[in-house]
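A.B. asks: Just dropping this structure here.
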Amino acid sequence: VDKKFKTEHIDVNGIRIHIRTAGPPNGQLVFLLHGFPEDSFAWHHQMQYLSENGYFVIAPDQRGYYTSSKPELIKDYQLNKLCGDITALIRFFQRKKAVIIGHDWGGIVGWYMASVQPQYIEKLIILNIPHPAAFMKIARIYPPQWLRSAYILFFQLPYLPEKLLEMNQYQLLKKLMSSTARPGTFTEKSLNRYEQSWKAGGTVRGMLNWYRMMRYQPIWKMPDPDPGVPVRIIWGKNDAALSFITAKESLKKCQDGQLILLDEGTHWLHHEYPEIVNRWLLRFLKETKPSSCPEL
């Protein structure tokens with residue numbers, strides 16, 4: 001699958017980022033931002049579909065992942081730096097703006113860009129990750145959300161999480177993905193492909209540093225998205241870690257927002273229902289007027 005896309009390493013923002021690209025370089029620029037514990041490979045269905053529809057698609061391995069740089073310091077994973085990687089890539093490709101599509105942590109980078117550097121975003125499309133302030137509001141009043149998120153506290157420990165995740169050929173990471181997805185979503189072949197990524201020196205620590213950075217940055221206080229950024233949320237209702245209530249609360253923060261619910265989808269909805277997700281992505285990309293305006 002990897003062979004279909006062009007891959008390269010680009011030096012921006014003081015680090016080296018590995019990216020996959022597809023589609024016509026003069027097409028509208030779309031970034032696909034992966035979450036934990038994946039890498040840019042997670043988006044291969046979307047890359048193929050969007051590039052065939054004329055978009056210039058870039059999927060980076062974000063810092064800490066696979067063959068991109070893995071800074072040692074936890075504070076090097078604060079959101080201003082993660083966001084800076086993407087804005088630097090937008091400038092590298094001599095563009096002013098891009099559409100940002102983010103899943104899981106990639107979505108948090110998207111939420112942050114929409115609130116702090118909205119001038120770089122044409123549209124934001126979020127897959128199964130709430131706005132951090134919405135998450136915190138719900139977690140305070142909805143105890144089941146704390147239980148679902150307990151792993152975040154475990155990841156704060158030094159060394160031990162790395163050891164556990166790396167044991168038995170990354171068995172825990174594989175189980176984390178396959179047991180929270182619809183049966184058969186992650187094949188042995190695809191999990192082995194992710195294992196190849198996790199084996200790249202320092203990747204497991206790099207991935208965990210995204211969580212550890214939360215100690216140094218009050219991400220729960222993130223401002224609302226800029227009113228000028230259209231936000232579309234696609235949500236798999238059977239997410240094992242995140243309650244649907246957090247999605248509805250996130251929508252309230254968006255001036256121009258829309259929420260699409262996939263009843264059967266889980267956290268991994270773009271793997272489980274690529275055709276449905278792709279069609280919604282294309283529909284959102286083609287929208288020219290705010291959805292609330294009647295057709296003239």
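Quick note on naming: the chains in the structure tokens go A, B, ... in the order shown, residues restart at 1 in each chain, and ligands are numbered from 1 in order of appearance.
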Name the residues in contact with Ser197 in chain A at a cut-off of 8 Å, using only C-alpha atoms, excluding same-chain residues fewer than 2 positions from it; report them as a list in words.
C.D. replies: Asp39, Tyr65, Tyr66, Thr67, Arg193, Tyr194, Glu195, Lys199, Ala200 and Thr203 of chain A
A.B. asks: Using DSSP on the backbone coordinates, identify all residues within range 87-159 of chain A classified as strand (DSSP E); present the result as a list of chain:residue names.
C.D. replies: A:Ala98, A:Val99, A:Ile100, A:Ile101, A:Gly102, A:His103, A:Ile121, A:Glu122, A:Lys123, A:Leu124, A:Ile125, A:Ile126, A:Leu127
A.B. asks: Mind dumping the selected residues with N, CA, C and O atoms as a tab-separated table (two decimals), in the first residue's frame?
C.D. replies:
chain	number	residue	atom	x	y	z
A	98	ALA	N	-4.54	25.34	4.66
A	98	ALA	CA	-4.82	23.95	4.31
A	98	ALA	C	-6.10	23.51	5.02
A	98	ALA	O	-6.52	24.13	6.01
A	99	VAL	N	-6.70	22.47	4.50
A	99	VAL	CA	-7.75	21.77	5.24
A	99	VAL	C	-7.05	20.82	6.20
A	99	VAL	O	-6.11	20.12	5.81
A	100	ILE	N	-7.47	20.81	7.45
A	100	ILE	CA	-6.87	19.91	8.44
A	100	ILE	C	-7.91	18.84	8.80
A	100	ILE	O	-9.02	19.16	9.23
A	101	ILE	N	-7.52	17.57	8.61
A	101	ILE	CA	-8.35	16.44	9.02
A	101	ILE	C	-7.56	15.69	10.08
A	101	ILE	O	-6.43	15.25	9.81
A	102	GLY	N	-8.10	15.57	11.28
A	102	GLY	CA	-7.33	14.96	12.37
A	102	GLY	C	-8.12	13.93	13.14
A	102	GLY	O	-9.31	14.12	13.42
A	103	HIS	N	-7.45	12.84	13.48
A	103	HIS	CA	-8.05	11.78	14.30
A	103	HIS	C	-7.27	11.68	15.60
A	103	HIS	O	-6.03	11.80	15.60
A	121	ILE	N	-5.96	27.65	8.56
A	121	ILE	CA	-6.95	26.59	8.35
A	121	ILE	C	-8.11	27.05	7.49
A	121	ILE	O	-8.76	28.05	7.79
A	122	GLU	N	-8.37	26.31	6.43
A	122	GLU	CA	-9.58	26.55	5.62
A	122	GLU	C	-10.78	25.89	6.26
A	122	GLU	O	-11.84	26.48	6.38
A	123	LYS	N	-10.61	24.62	6.62
A	123	LYS	CA	-11.66	23.84	7.28
A	123	LYS	C	-10.99	22.87	8.23
A	123	LYS	O	-9.86	22.45	7.99
A	124	LEU	N	-11.72	22.53	9.27
A	124	LEU	CA	-11.23	21.52	10.21
A	124	LEU	C	-12.23	20.37	10.24
A	124	LEU	O	-13.42	20.57	10.45
A	125	ILE	N	-11.72	19.16	10.00
A	125	ILE	CA	-12.57	17.96	10.10
A	125	ILE	C	-11.96	17.06	11.18
A	125	ILE	O	-10.79	16.70	11.12
A	126	ILE	N	-12.78	16.74	12.17
A	126	ILE	CA	-12.33	16.00	13.36
A	126	ILE	C	-12.95	14.60	13.35
A	126	ILE	O	-14.15	14.45	13.12
A	127	LEU	N	-12.11	13.60	13.63
A	127	LEU	CA	-12.61	12.23	13.80
A	127	LEU	C	-12.35	11.79	15.23
A	127	LEU	O	-11.19	11.65	15.66
A.B. asks: Compile the contact shell of Trp146 in chain A as a PyMOL selection string: residues with an atom at most 12 Å away, counting only C-alpha atoms, same-chain residues fewer than 5 positions apart removed.
C.D. replies: chain A and resi 135-141+151-153+241-243
A.B. asks: Check the smallest atom-to-atom distance from each of A:Pro143, A:Glu162, A:Ser115, A:Ser190 to Gln255 in chain A using only C-alpha atoms, then report the winner.
C.D. replies: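 Using only C-alpha atoms, the shortest distance to Gln255 in chain A belongs to A:Ser115.
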A.B. asks: Using only C-alpha atoms, which residues of range 76-195 of chain A come within 12 Å of range 5-18 of chain A, and what is the closest atom pair for each, with the distance in Å to one decimal? Give it as a tab-separated table, sorted by chain and residue number.
C.D. replies:
residue	atom	partner	partner_atom	distance
A:Asp76	CA	A:Ile15	CA	10.5
A:Tyr77	CA	A:Ile15	CA	11.9
A:Asn80	CA	A:Asn13	CA	11.0
A:Lys81	CA	A:Asn13	CA	8.0
A:Leu82	CA	A:Asn13	CA	9.5
A:Cys83	CA	A:Asn13	CA	10.0
A:Gly84	CA	A:Asn13	CA	6.7
A:Asp85	CA	A:Asn13	CA	5.7
A:Ile86	CA	A:Asn13	CA	9.0
A:Thr87	CA	A:Asn13	CA	9.0
A:Ala88	CA	A:Val12	CA	6.0
A:Leu89	CA	A:Val12	CA	6.8
A:Ile90	CA	A:Val12	CA	10.2
A:Arg91	CA	A:Val12	CA	9.5
A:Phe92	CA	A:Val12	CA	7.7
A:Phe93	CA	A:Ile10	CA	10.5
A.B. asks: Using N, CA, C and O atoms, can you write the selected residues to a file as an mmCIF file, in the first residue's frame?
C.D. replies:
data_model
loop_
_atom_site.group_PDB
_atom_site.id
_atom_site.type_symbol
_atom_site.label_atom_id
_atom_site.label_comp_id
_atom_site.auth_asym_id
_atom_site.auth_seq_id
_atom_site.Cartn_x
_atom_site.Cartn_y
_atom_site.Cartn_z
ATOM 1 N N ASP A 76 9.129 19.407 24.389
ATOM 2 C CA ASP A 76 9.187 19.526 22.930
ATOM 3 C C ASP A 76 7.954 18.958 22.243
ATOM 4 O O ASP A 76 7.863 18.972 21.019
ATOM 5 N N TYR A 77 7.020 18.429 23.053
ATOM 6 C CA TYR A 77 5.777 17.887 22.496
ATOM 7 C C TYR A 77 4.577 18.760 22.871
ATOM 8 O O TYR A 77 3.434 18.341 22.728
ATOM 9 N N ASN A 80 2.104 23.983 20.937
ATOM 10 C CA ASN A 80 2.595 25.045 20.043
ATOM 11 C C ASN A 80 3.657 24.491 19.091
ATOM 12 O O ASN A 80 3.754 24.915 17.937
ATOM 13 N N LYS A 81 4.444 23.498 19.569
ATOM 14 C CA LYS A 81 5.467 22.901 18.681
ATOM 15 C C LYS A 81 4.818 21.933 17.691
ATOM 16 O O LYS A 81 5.191 21.883 16.510
ATOM 17 N N LEU A 82 3.854 21.134 18.158
ATOM 18 C CA LEU A 82 3.171 20.185 17.267
ATOM 19 C C LEU A 82 2.420 20.927 16.168
ATOM 20 O O LEU A 82 2.449 20.537 14.999
ATOM 21 N N CYS A 83 1.780 22.013 16.569
ATOM 22 C CA CYS A 83 1.071 22.869 15.620
ATOM 23 C C CYS A 83 2.075 23.563 14.687
ATOM 24 O O CYS A 83 1.865 23.660 13.473
ATOM 25 N N GLY A 84 3.204 23.977 15.254
ATOM 26 C CA GLY A 84 4.252 24.635 14.461
ATOM 27 C C GLY A 84 4.813 23.741 13.365
ATOM 28 O O GLY A 84 5.194 24.221 12.292
ATOM 29 N N ASP A 85 4.850 22.425 13.623
ATOM 30 C CA ASP A 85 5.315 21.496 12.583
ATOM 31 C C ASP A 85 4.402 21.571 11.364
ATOM 32 O O ASP A 85 4.864 21.568 10.220
ATOM 33 N N ILE A 86 3.092 21.625 11.627
ATOM 34 C CA ILE A 86 2.136 21.605 10.516
ATOM 35 C C ILE A 86 2.119 22.948 9.787
ATOM 36 O O ILE A 86 2.124 22.987 8.550
ATOM 37 N N THR A 87 2.136 24.046 10.535
ATOM 38 C CA THR A 87 2.142 25.347 9.855
ATOM 39 C C THR A 87 3.428 25.523 9.056
ATOM 40 O O THR A 87 3.420 26.100 7.965
ATOM 41 N N ALA A 88 4.544 24.972 9.560
ATOM 42 C CA ALA A 88 5.808 25.052 8.814
ATOM 43 C C ALA A 88 5.732 24.239 7.520
ATOM 44 O O ALA A 88 6.271 24.650 6.485
ATOM 45 N N LEU A 89 5.042 23.101 7.577
ATOM 46 C CA LEU A 89 4.867 22.301 6.348
ATOM 47 C C LEU A 89 3.973 23.030 5.341
ATOM 48 O O LEU A 89 4.223 22.999 4.132
ATOM 49 N N ILE A 90 2.936 23.707 5.839
ATOM 50 C CA ILE A 90 2.076 24.485 4.931
ATOM 51 C C ILE A 90 2.918 25.538 4.204
ATOM 52 O O ILE A 90 2.829 25.690 2.979
ATOM 53 N N ARG A 91 3.780 26.218 4.958
ATOM 54 C CA ARG A 91 4.642 27.232 4.341
ATOM 55 C C ARG A 91 5.668 26.587 3.408
ATOM 56 O O ARG A 91 5.986 27.133 2.354
ATOM 57 N N PHE A 92 6.191 25.438 3.793
ATOM 58 C CA PHE A 92 7.174 24.738 2.962
ATOM 59 C C PHE A 92 6.599 24.464 1.577
ATOM 60 O O PHE A 92 7.298 24.571 0.562
ATOM 61 N N PHE A 93 5.322 24.104 1.531
ATOM 62 C CA PHE A 93 4.682 23.838 0.242
ATOM 63 C C PHE A 93 4.107 25.109 -0.394
ATOM 64 O O PHE A 93 3.315 25.046 -1.332
#
A.B. asks: Rank nothing, just name the residue among A:Gln46, A:Ser250, A:Thr180, A:Gln258 nearest to Leu281 in chain A, using only C-alpha atoms.
C.D. replies: A:Gln46
A.B. asks: May I have the residues within 6 Å of range 50-61 of chain A as a ChimeraX atom specification, using only C-alpha atoms and disregarding those fewer than 4 positions away in the same chain?
C.D. replies: /A:18-25,27-32,39-40,46,65
